[in-house]
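**Q** What follows is final16.cif, made up of mmCIF, C-alpha atoms:
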data_query
loop_
_atom_site.label_atom_id
_atom_site.label_comp_id
_atom_site.auth_asym_id
_atom_site.auth_seq_id
_atom_site.Cartn_x
_atom_site.Cartn_y
_atom_site.Cartn_z
CA MET A 1 30.17 11.02 3.29
CA VAL A 2 26.35 10.79 3.20
CA LEU A 3 24.70 8.69 5.88
CA MET A 4 21.74 6.68 4.65
CA THR A 5 18.80 6.43 7.03
CA SER A 6 15.65 4.45 6.61
CA PRO A 7 12.49 6.49 6.11
CA THR A 8 9.99 6.81 8.92
CA THR A 9 7.20 4.26 8.72
CA VAL A 10 3.70 4.20 10.20
CA SER A 11 0.89 1.70 10.49
CA TRP A 12 -2.35 2.15 8.57
CA ASP A 13 -3.90 3.59 11.74
CA GLY A 14 -1.04 6.08 11.99
CA PHE A 15 -1.70 7.16 8.40
CA ALA A 16 -5.44 7.40 9.08
CA ALA A 17 -4.81 9.54 12.17
CA ALA A 18 -2.61 11.92 10.16
CA GLU A 19 -4.83 12.15 7.06
CA PRO A 20 -8.26 10.60 7.78
CA ASP A 21 -10.00 11.67 4.55
CA PHE A 22 -7.11 10.59 2.32
CA ALA A 23 -6.79 7.27 4.18
CA ASP A 24 -10.53 6.66 3.74
CA THR A 25 -10.25 7.40 -0.01
CA ALA A 26 -7.29 5.02 -0.37
CA ARG A 27 -8.99 2.24 1.62
CA ARG A 28 -12.20 2.57 -0.42
CA ARG A 29 -10.16 2.30 -3.63
CA PHE A 30 -8.50 -0.93 -2.45
CA ARG A 31 -11.84 -2.37 -1.36
CA LEU A 32 -13.33 -2.01 -4.87
CA TYR A 33 -11.55 -5.22 -5.89
CA ARG A 34 -10.24 -8.25 -4.06
CA HIS A 35 -6.93 -8.78 -5.87
CA HIS A 36 -4.14 -6.22 -6.23
CA VAL A 37 -0.55 -6.15 -7.50
CA LEU A 38 2.35 -6.50 -5.07
CA ALA A 39 5.87 -5.52 -6.09
CA THR A 40 8.78 -7.05 -4.18
CA LEU A 41 12.51 -7.32 -4.78
CA ARG A 42 14.18 -10.59 -5.77
CA LYS A 43 17.50 -11.68 -4.29
CA ASP A 44 19.35 -10.10 -7.23
CA GLY A 45 17.51 -6.78 -6.72
CA SER A 46 15.28 -7.07 -9.76
CA PRO A 47 11.56 -6.42 -9.29
CA ARG A 48 8.88 -9.09 -9.06
CA VAL A 49 5.15 -8.38 -9.34
CA THR A 50 2.49 -10.78 -8.20
CA GLY A 51 -1.16 -10.84 -7.19
CA LEU A 52 -2.18 -10.35 -3.57
CA GLU A 53 -5.27 -9.80 -1.48
CA ALA A 54 -4.96 -6.79 0.84
CA ASP A 55 -6.85 -6.89 4.13
CA PHE A 56 -7.70 -3.96 6.40
CA ARG A 57 -8.19 -5.25 9.96
CA PHE A 58 -7.36 -4.18 13.50
CA GLY A 59 -6.07 -0.80 12.29
CA GLU A 60 -3.53 -2.44 9.99
CA LEU A 61 -3.05 -3.07 6.29
CA LEU A 62 -2.34 -6.81 6.28
CA LEU A 63 -0.71 -8.85 3.53
CA GLY A 64 -1.33 -12.59 3.65
CA MET A 65 0.41 -15.21 1.56
CA MET A 66 1.04 -18.92 1.22
CA PRO A 67 4.03 -20.49 2.97
CA ASN A 68 7.26 -20.36 0.98
CA SER A 69 5.69 -18.42 -1.88
CA ARG A 70 8.14 -16.30 -3.87
CA LYS A 71 6.66 -13.08 -2.49
CA TYR A 72 7.06 -14.41 1.04
CA LEU A 73 10.71 -15.30 0.42
CA ASP A 74 11.29 -11.93 -1.26
CA LEU A 75 9.89 -10.05 1.75
CA LEU A 76 12.00 -12.07 4.17
CA ALA A 77 15.12 -11.12 2.25
CA ASP A 78 14.12 -7.46 1.70
CA PRO A 79 10.94 -6.11 3.34
CA ARG A 80 10.44 -3.20 0.91
CA PHE A 81 7.27 -3.41 -1.17
CA ALA A 82 4.79 -1.44 -3.23
CA LEU A 83 1.12 -2.40 -3.49
CA GLN A 84 -0.88 -1.12 -6.44
CA ALA A 85 -4.68 -1.14 -6.21
CA ASN A 86 -6.34 -3.19 -8.92
CA PRO A 87 -6.99 -0.71 -11.76
CA GLY A 88 -10.32 -2.31 -12.63
CA PRO A 89 -11.87 -3.58 -15.83
CA ASP A 90 -11.20 -0.58 -18.09
CA ALA A 91 -8.99 2.44 -18.62
CA GLU A 92 -11.42 4.95 -17.10
CA MET A 93 -10.29 4.56 -13.48
CA ASN A 94 -13.10 6.81 -12.24
CA ASP A 95 -12.01 6.17 -8.66
CA GLY A 96 -8.40 7.06 -9.32
CA ASP A 97 -5.30 4.97 -8.95
CA VAL A 98 -3.82 4.22 -5.51
CA ARG A 99 -0.43 2.83 -4.50
CA VAL A 100 1.14 2.32 -1.09
CA SER A 101 4.80 1.65 -0.40
CA GLY A 102 6.68 0.66 2.68
CA ARG A 103 8.13 -2.23 4.61
CA ALA A 104 6.39 -5.52 5.32
CA VAL A 105 6.87 -6.84 8.86
CA GLU A 106 5.98 -10.48 9.45
CA ILE A 107 3.50 -11.03 12.25
CA THR A 108 4.50 -13.98 14.41
CA ASP A 109 2.60 -13.13 17.62
CA PRO A 110 0.40 -16.20 18.31
CA ALA A 111 -2.36 -14.11 19.94
CA PHE A 112 -2.59 -11.74 16.96
CA LEU A 113 -2.55 -14.64 14.49
CA ALA A 114 -5.29 -16.47 16.44
CA ARG A 115 -7.40 -13.31 16.45
CA TYR A 116 -6.84 -12.94 12.70
CA VAL A 117 -7.82 -16.57 12.03
CA GLU A 118 -10.97 -16.16 14.12
CA ASP A 119 -11.94 -12.91 12.40
CA ALA A 120 -10.85 -13.53 8.78
CA ALA A 121 -10.88 -17.35 8.42
CA PRO A 122 -7.96 -17.38 5.93
CA PRO A 123 -6.90 -20.59 4.18
CA GLU A 124 -4.24 -22.23 6.34
CA PRO A 125 -1.31 -22.41 6.58
CA PHE A 126 -0.36 -18.82 5.79
CA HIS A 127 2.12 -16.04 6.53
CA LEU A 128 0.88 -12.62 7.54
CA PHE A 129 2.66 -9.29 7.23
CA ARG A 130 1.79 -5.85 8.55
CA ALA A 131 2.43 -2.94 6.19
CA GLU A 132 4.54 -0.15 7.65
CA LEU A 133 3.88 2.71 5.25
CA THR A 134 6.46 5.10 3.82
CA GLU A 135 4.25 6.58 1.09
CA VAL A 136 0.65 6.64 -0.16
CA VAL A 137 -0.11 8.06 -3.63
CA ARG A 138 -3.40 8.64 -5.45
CA THR A 139 -3.56 9.74 -9.07
CA ALA A 140 -6.92 10.77 -10.55
CA LEU A 141 -8.45 12.89 -13.26
CA ASP A 142 -10.34 16.09 -12.48
CA GLY A 143 -11.73 17.23 -15.81
CA GLU A 144 -8.67 17.65 -18.04
CA ALA A 145 -6.24 17.86 -15.12
CA LEU A 146 -4.26 15.02 -13.60
CA VAL A 147 -4.31 15.32 -9.81
CA ILE A 148 -1.59 13.59 -7.81
CA GLN A 149 -1.93 13.36 -4.03
CA SER A 150 0.97 12.00 -2.04
CA TRP A 151 1.60 11.52 1.66
CA ARG A 152 4.66 10.48 3.64
CA PRO A 153 4.97 10.09 7.40
CA GLY A 154 5.67 13.37 9.15
CA ARG A 155 4.70 15.47 6.14
CA PRO A 156 1.41 17.07 5.13
CA LEU A 157 -0.63 15.72 2.23
CA ARG A 158 0.74 17.14 -1.02
CA THR A 159 -1.51 17.74 -4.04
CA VAL A 160 -0.19 18.58 -7.51
CA ARG A 161 -2.36 19.40 -10.56
CA ARG A 162 -1.01 18.83 -14.05
CA THR A 163 -2.86 20.11 -17.07
CA GLY A 164 -2.24 19.46 -20.73
CA GLY A 165 0.10 21.48 -22.86
CA ASP A 166 3.30 23.13 -21.76
CA GLU A 167 2.01 24.39 -18.41
CA PRO A 168 4.12 23.32 -15.41
CA PRO A 169 2.46 21.33 -12.62
CA THR A 170 0.97 23.44 -9.84
CA GLU A 171 0.96 22.53 -6.18
CA VAL A 172 -2.42 22.94 -4.51
CA PRO A 173 -2.15 24.48 -1.03
CA ALA A 174 -3.11 22.13 1.81
CA GLY A 175 -6.34 22.73 3.68
#
Write the structure described by the file as structure tokens, please.

**A**
Amino acid sequence: MVLMTSPTTVSWDGFAAAEPDFADTARRRFRLYRHHVLATLRKDGSPRVTGLEADFRFGELLLGMMPNSRKYLDLLADPRFALQANPGPDAEMNDGDVRVSGRAVEITDPAFLARYVEDAAPPEPFHLFRAELTEVVRTALDGEALVIQSWRPGRPLRTVRRTGGDEPPTEVPAG
């Protein structure tokens, strides 16, 4: 019998403390555009994708949404999500492609919500979730090579280079 355990999660600040340069790169990529693509799971387990504005405040990656929206109801039923940074207006993606995955935890603390309203002035009413990260991935081109960086809580940043042809991917040593 195999016991299933949930993966370790960390806040955005926890990610930034573990990998400050990678966290800064990922945050900059999200800040290039206002709207991104959120993937959630429907009640039947099938995926749903929808637009979302990501907000970096108070050391957190925050996900705001309208009351009773489908994404809100999805996250209440199953908090797992993936958030894909807006790829931009063309296929060049000079800044790479960034995705974060994790669990969305609804923020209900009145003091935190009041602070958020004062600082961000969101349209009200709203629901606010904090992202607890399980993975951050960046894919970018470096010349002819595809470079994939991935991070998970408790593990070092992993970098893999893939070149064209029949060559296998190579892992780039950390540091």

**Q** What does the distance between CA of Trp151 in chain A and CA of Asn94 in chain A come to in Å, to one decimal place?

**A**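 Taking CA of Trp151 in chain A and CA of Asn94 in chain A, their separation equals 20.8 Å.
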
**Q** Sort by chain and increasing residue number a table of all residues of range 122-150 of chain A within 10 Å of range 107-118 of chain A, each with its closest pair of atoms and their distance in Å to one decimal, counting all atoms listed in the file, and write it as a Markdown table.

**A**
| residue | atom | partner | partner_atom | distance |
| --- | --- | --- | --- | --- |
| A:Pro122 | CA | A:Val117 | CA | 6.2 |
| A:Pro123 | CA | A:Val117 | CA | 8.9 |
| A:Glu124 | CA | A:Val117 | CA | 8.8 |
| A:Phe126 | CA | A:Leu113 | CA | 9.9 |
| A:His127 | CA | A:Ile107 | CA | 7.7 |
| A:Leu128 | CA | A:Ile107 | CA | 5.6 |
| A:Phe129 | CA | A:Ile107 | CA | 5.4 |
| A:Arg130 | CA | A:Ile107 | CA | 6.6 |

**Q** Name the closest residue to Ile148 in chain A among the candidates A:Leu63, A:Leu32, A:Leu133, A:Val172; distances are taken between atoms, counting all atoms listed in the file.

**A**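 Closest residue, counting all atoms listed in the file: A:Val172.
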
**Q** Could you tell me how far CA of Pro125 in chain A sits from CA of Ala82 in chain A, in Å to one decimal place?

**A**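 Separating CA of Ala82 in chain A from CA of Pro125 in chain A is a distance of 23.9 Å.
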
**Q** Could you expand the PyMOL selection byres ((chain A and resi 83-90) around 7) into the explicit residues it covers here, written as a ChimeraX atom specification?

**A** /A:29-30,33,35-39,81-82,91-93,97-101

**Q** Residues around (17.1, -12.4, -2.5), cut-off 10 Å, counting only C-alpha atoms - what are they as an MDAnalysis selection string?

**A** chainID A and resid 41:46 70 73:78

**Q** Residues of range 109-170 of chain A within 10 Å of range 10-20 of chain A: nearest atom pair and distance (Å, one decimal) for each, counting all atoms listed in the file, sorted by chain and number, as a tab-separated table?

**A**
residue	atom	partner	partner_atom	distance
A:Arg130	CA	A:Ser11	CA	7.8
A:Ala131	CA	A:Ser11	CA	6.5
A:Glu132	CA	A:Ser11	CA	5.0
A:Leu133	CA	A:Val10	CA	5.2
A:Thr134	CA	A:Val10	CA	7.0
A:Glu135	CA	A:Val10	CA	9.4
A:Val136	CA	A:Phe15	CA	8.9
A:Trp151	CA	A:Glu19	CA	8.4
A:Arg152	CA	A:Phe15	CA	8.6
A:Pro153	CA	A:Val10	CA	6.6
A:Gly154	CA	A:Ala18	CA	8.5
A:Arg155	CA	A:Ala18	CA	9.1
A:Pro156	CA	A:Glu19	CA	8.2
A:Leu157	CA	A:Glu19	CA	7.3

**Q** Calculate how many Å separate CA of Val160 in chain A from CA of Thr139 in chain A, rounding to one decimal.

**A**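 About the pair CA of Val160 in chain A and CA of Thr139 in chain A: they are 9.6 Å apart.
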
**Q** Rank A:Arg103, A:Phe22, A:Gly96, A:Thr40 by their smallest atom-to-atom distance to Val147 in chain A, using only C-alpha atoms, and report the top residue only.

**A** A:Gly96

**Q** Kindly compute an axis-aligned box around the listed atoms of range 157-162 of chain A, allowing 3 Å on each side, and express its centre and edge lengths in Å to one decimal as JSON.

**A**
{"center_x": -0.8, "center_y": 17.6, "center_z": -5.9, "size_x": 9.1, "size_y": 9.7, "size_z": 22.3}
